[in-house]
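**Q** I am attaching a structure below and will ask some questions about it afterwards.
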Amino acid sequence: MRYSKTITGLTGGGSDGWDIYRKARRMQRDGTEVTMLTIGEHDIRTDAQILDALHRFAHAGHTGYTTFDGEPELKDRIATRLSERTGVPTTPANVLIVPGGQGGLFAAHHAICDPGDTALYIDPYYTTYPGTIRTVGAIPLAIEARPRHGFQPQPEDIARAADAAGNARSLLVNTPNNPTGVVYTRKTLEGIAEICTDKGLWLLSDEVYDTQVWNGDHLSPRALPGMAERTLVIGSMSKSHAMTGSRVGWVVGPEEAIAHMANLATHTTYGISGYIQHAAAFALDLGPAFEEQIAEPFRRRRDLVMAQMEGQNAARPIPADGAMYVMVDIRSTGLSGEAFADGLLDRHHVAVMPGESFGQAAAGHVRVALTVADDLLVAAVARLVELAAELAAQHAEPAQ
Ligand code: PMP
């Protein structure tokens, strides 16, 4: 049978960058103990208080169809949260409830791009970005944020890409960043805001890691002068509240954009489960102390890993200021991230993600997810450093 070009072209062909992950899972199934530092998911489950709330709201009758754009109670909480956190006046009419940040990325691109338009995004990137853009029939165009710039995107590169494309409609950014753990500086975000304004671009700001910032506060580009009218913020309960499986997130933006996306929701999701939305509102009411408790292990492990890697140069960590990852530069070994990750898995049964899984800019790097218990993480990182040192020494002095 024939399938649509949109669906068959979604992944862009070639490797999807998950070969190492699949190999590690196979090894686990065959009985090998593998330390998995691959996926961005907490090593705890959703908190019992939130599970109780899910149960309570389900029994209270929130099991039927809901309003397509989201339950007023949850929209209200998100509006208040964003007003307080960013200083930008935000009302429930600026909020759409979606099935996780991923649902938000999908809705936002559908609201903005036509087939054939160019949608810009920053490389290294979260793996679904180009495919999400292709769901609209738009053309994904990556702009590299390079290691020598500390993985901060350079506004002039964005301007050049927008000019070259001629029909760029949007720019997608993500801070705190997956995969690099880098938090964009105010200067970077101001530069981005200026380019978006100059070139007439929408800014899509993926802020799903906004509660995981290790130095200073999260800065949302929507709060920069003139940006609220051209920014769609994508948020989620997944990372902040360890609710990945509940699939609840939001898009915040101008009323008109939200009204269009509500119309899309009517024709796609048909709304998000009511008891999940009410439990999400309950979870938000647990306040910042709860969110800090969820984020704390990643801050602690980030400090552990950064300290552990001091005093050697073979495996160089990129200073991670947020999110649940540390990106490590292993170019001293002369290997690609893929070859190094493969060797680490074979030799030491430690699985990390090759930088190349996230685009070209992170080639020669590996991403370490801080998502296992401290002692396991420290043992795994010791193996990683040991292997990098050995390979770097071989690379520096090739065998005769
Ligand atoms: N954006 C980024 C940068 C992510 O890392 C993820 C999940 N890993 C998502 C969006 C999607 O998260 P969810 O749909 O669970 O909210």
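FYI, nothing fancy with the structure tokens labels: chains A, B, ... in order, residues from 1 per chain, ligands from 1 as they appear.
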Which residues are near ligand 1 - at most 9 Å, using only C-alpha atoms and all ligand atoms? Format: as a PyMOL selection string.
**A** chain A and resi 39-41+99-105+125-129+173-179+206-209+234-239+243-250+323
**Q** Compile the contact shell of Gln49 in chain A as a PyMOL selection string: residues with an atom at most 12 Å away, counting only C-alpha atoms, same-chain residues fewer than 3 positions apart removed.
**A** chain A and resi 45-46+52-56+241+279-280+282-286+290
**Q** Could you save those same residues with N, CA, C and O atoms as a compact mmCIF listing (two decimals), in the first residue's frame?
**A**
# COMPACT_ATOMS: atom_id res chain seq x y z
N ARG A 45 9.73 7.57 40.57
CA ARG A 45 8.43 7.58 39.88
C ARG A 45 7.63 8.77 40.37
O ARG A 45 8.02 9.46 41.31
N THR A 46 6.47 9.01 39.74
CA THR A 46 5.60 10.12 40.16
C THR A 46 5.26 9.97 41.64
O THR A 46 4.94 8.87 42.12
N ASP A 52 -2.22 9.89 44.46
CA ASP A 52 -3.47 9.97 45.22
C ASP A 52 -4.42 10.98 44.59
O ASP A 52 -5.63 10.75 44.51
N ALA A 53 -3.85 12.09 44.14
CA ALA A 53 -4.68 13.14 43.53
C ALA A 53 -5.31 12.62 42.23
O ALA A 53 -6.50 12.87 41.96
N LEU A 54 -4.53 11.88 41.45
CA LEU A 54 -5.08 11.29 40.20
C LEU A 54 -6.29 10.42 40.54
O LEU A 54 -7.35 10.51 39.90
N HIS A 55 -6.13 9.59 41.56
CA HIS A 55 -7.17 8.67 41.99
C HIS A 55 -8.41 9.45 42.47
O HIS A 55 -9.54 9.18 42.07
N ARG A 56 -8.13 10.46 43.30
CA ARG A 56 -9.21 11.28 43.87
C ARG A 56 -10.01 11.97 42.77
O ARG A 56 -11.24 11.92 42.75
N HIS A 241 8.03 17.79 37.62
CA HIS A 241 7.26 17.07 38.63
C HIS A 241 7.36 15.56 38.49
O HIS A 241 6.56 14.84 39.09
N ALA A 279 -4.96 16.74 38.61
CA ALA A 279 -3.82 16.30 39.43
C ALA A 279 -2.59 17.17 39.14
O ALA A 279 -1.79 17.44 40.04
N ALA A 280 -2.48 17.63 37.89
CA ALA A 280 -1.36 18.52 37.54
C ALA A 280 -1.50 19.86 38.27
O ALA A 280 -0.52 20.41 38.79
N PHE A 282 -3.02 20.25 41.11
CA PHE A 282 -2.67 19.90 42.49
C PHE A 282 -1.13 19.88 42.64
O PHE A 282 -0.58 20.42 43.60
N ALA A 283 -0.45 19.26 41.69
CA ALA A 283 1.02 19.14 41.76
C ALA A 283 1.66 20.53 41.73
O ALA A 283 2.62 20.78 42.46
N LEU A 284 1.12 21.43 40.90
CA LEU A 284 1.69 22.78 40.84
C LEU A 284 1.50 23.50 42.18
O LEU A 284 2.35 24.26 42.61
N ASP A 285 0.39 23.20 42.86
CA ASP A 285 0.13 23.82 44.16
C ASP A 285 1.09 23.32 45.24
O ASP A 285 1.17 23.91 46.32
N LEU A 286 1.81 22.22 44.99
CA LEU A 286 2.80 21.75 45.97
C LEU A 286 3.94 22.76 46.09
O LEU A 286 4.70 22.73 47.06
N PHE A 290 8.68 21.50 46.43
CA PHE A 290 8.52 20.18 45.81
C PHE A 290 9.34 20.10 44.52
O PHE A 290 10.04 19.11 44.26
**Q** Per DSSP on the backbone, what are the alpha helix (DSSP H) residues of range 110-265 of chain A, as number ranges by chain?
**A** A: 110-112, 129-134, 155-165, 186-199, 255-265
**Q** Which neighbours of range 86-90 of chain A fall inside 7 Å, counting only C-alpha atoms, when residues of the same chain fewer than 5 positions from it are skipped, and could you give them as a CSV table (one decimal) with all heavy atoms, in the first residue's frame?
**A**
chain,number,residue,atom,x,y,z
A,79,ALA,N,-1.1,30.2,34.0
A,79,ALA,CA,-1.1,31.6,33.8
A,79,ALA,C,-0.5,32.4,34.9
A,79,ALA,O,0.4,33.2,34.8
A,79,ALA,CB,-2.5,32.2,33.5
A,80,THR,N,-0.9,32.0,36.1
A,80,THR,CA,-0.3,32.7,37.3
A,80,THR,C,1.2,32.3,37.5
A,80,THR,O,2.0,33.2,37.7
A,80,THR,CB,-1.1,32.1,38.6
A,80,THR,OG1,-2.4,32.3,38.4
A,80,THR,CG2,-0.6,32.9,39.9
A,220,SER,N,13.2,33.4,30.6
A,220,SER,CA,12.4,33.1,29.5
A,220,SER,C,12.5,34.2,28.5
A,220,SER,O,12.2,35.4,28.8
A,220,SER,CB,10.9,32.9,29.9
A,220,SER,OG,10.1,32.8,28.7
A,223,ALA,N,10.0,37.1,28.1
A,223,ALA,CA,10.0,38.2,29.0
A,223,ALA,C,10.9,39.4,28.4
A,223,ALA,O,10.8,40.5,29.0
A,223,ALA,CB,10.6,37.8,30.4
**Q** Given only C-alpha atoms as the basis, pick out the residue of A:Gly226, A:Asp163, A:Ala108, A:Glu296 nearest to Ser205 in chain A.
**A**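 Distance minimum relative to Ser205 in chain A lands on A:Ala108.
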**Q** Considering only C-alpha atoms, can you say which of A:Gly253, A:Leu120, A:His349, A:Glu292 comes closest to Ala164 in chain A?
**A**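 Residue with the minimum atom-to-atom distance to Ala164 in chain A: A:Leu120.
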**Q** Name the closest residue to Pro288 in chain A among the candidates A:Ala339, A:Arg85, A:Gln360, A:Val368; distances are taken between atoms, counting only C-alpha atoms.
**A**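 Ranking A:Ala339, A:Arg85, A:Gln360, A:Val368 by distance to Pro288 in chain A, first place goes to A:Arg85.
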**Q** Would you please give, as a ChimeraX atom specification, all residues of range 111-327 of chain A that DSSP assigns to strand (DSSP E or B) based on the backbone?
**A** /A:118-123,139-144,168-174,202-206,213,231-236,249-252,316-317,322,325-327
**Q** So which one's closest to Asp374 in chain A, A:Ala93, A:Arg230, A:Glu291, A:Asp43? Using only C-alpha atoms, please.
**A**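 With only C-alpha atoms as the atom set, the closest residue is A:Asp43.
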**Q** Taking only C-alpha atoms into account, which of A:Ala168, A:Leu344, A:Leu10, A:Ala314 comes nearest Pro130 in chain A?
**A**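 With only C-alpha atoms as the atom set, the closest residue is A:Leu10.
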**Q** With distances taken over only C-alpha atoms, which of A:His348, A:Arg367, A:Arg383, A:Arg331 is nearest to Ala24 in chain A?
**A**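 Nearest to Ala24 in chain A: A:His348.
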**Q** Excluding range 148-159 of chain A and its own-chain neighbours fewer than 5 positions away, which residues fall within 7 Å of it when counting only C-alpha atoms? Please give them as a list in words.
**A**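 Residues meeting the cut-off are Ile143, Val182, Tyr184, Thr188, Gly191, Ile192 and Ile195 of chain A.
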**Q** Report as a Markdown table: every residue of range 251-364 of chain A with an atom at most 8 Å from range 70-76 of chain A, its closest pair of atoms, and their distance in Å to one decimal, counting only C-alpha atoms, with rows sorted by chain and ascending residue number.
**A**
| residue | atom | partner | partner_atom | distance |
| --- | --- | --- | --- | --- |
| A:Gly271 | CA | A:Gly70 | CA | 6.6 |
| A:Ile272 | CA | A:Gly70 | CA | 7.0 |
| A:Gly274 | CA | A:Glu71 | CA | 7.1 |
| A:Gln277 | CA | A:Leu74 | CA | 6.3 |
| A:His278 | CA | A:Leu74 | CA | 6.6 |
| A:Ala280 | CA | A:Leu74 | CA | 7.1 |
| A:Ala281 | CA | A:Leu74 | CA | 5.1 |
**Q** I want to know what sits within 10 Å of Val326 in chain A, based on only C-alpha atoms, with residues of the same chain fewer than 6 positions away left out; could you give that as a compact mmCIF listing (two decimals) with C-alpha atoms, in the first residue's frame?
**A**
# COMPACT_ATOMS: atom_id res chain seq x y z
CA ASN A 178 19.04 19.03 26.14
CA PRO A 179 21.57 17.56 25.30
CA THR A 180 24.29 19.99 26.42
CA GLY A 181 23.09 21.08 29.89
CA VAL A 182 24.00 24.61 28.78
CA PHE A 298 20.44 16.25 39.24
CA ARG A 301 25.03 14.51 40.56
CA ARG A 302 26.09 17.28 38.23
CA VAL A 305 30.49 14.45 37.97
CA MET A 306 32.08 17.86 37.39
CA PRO A 317 32.85 18.05 30.68
CA ILE A 318 30.99 21.05 29.28
CA PRO A 319 29.99 23.13 32.32
CA ALA A 320 26.35 22.16 32.80
CA VAL A 366 28.93 11.96 24.54
CA ARG A 367 25.92 12.88 26.69
CA VAL A 368 25.82 11.48 30.20
CA ALA A 369 22.29 11.44 31.68
CA LEU A 370 22.42 11.93 35.45
**Q** Excluding same-chain residues fewer than 6 positions from Ser336 in chain A, what lies within 9 Å of it counting only C-alpha atoms, as a PyMOL selection string?
**A** chain A and resi 330+354-356+363-366
**Q** In Å to one decimal, how far is CA of Gly337 in chain A from CA of Leu391 in chain A?
**A**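 Spanning CA of Leu391 in chain A to CA of Gly337 in chain A is a straight-line distance of 12.7 Å.
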**Q** Need to verify the contact set: His110 in chain A, 10 Å, only C-alpha atoms, exclusion of same-chain residues closer than 6 positions in sequence. Can you return it as a list in words?
**A**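 Non-adjacent residues within range: Gly104, Thr132, Ile133, Thr135, Val136, Gly137, Ala138, His260, Met261 and Leu264 of chain A.
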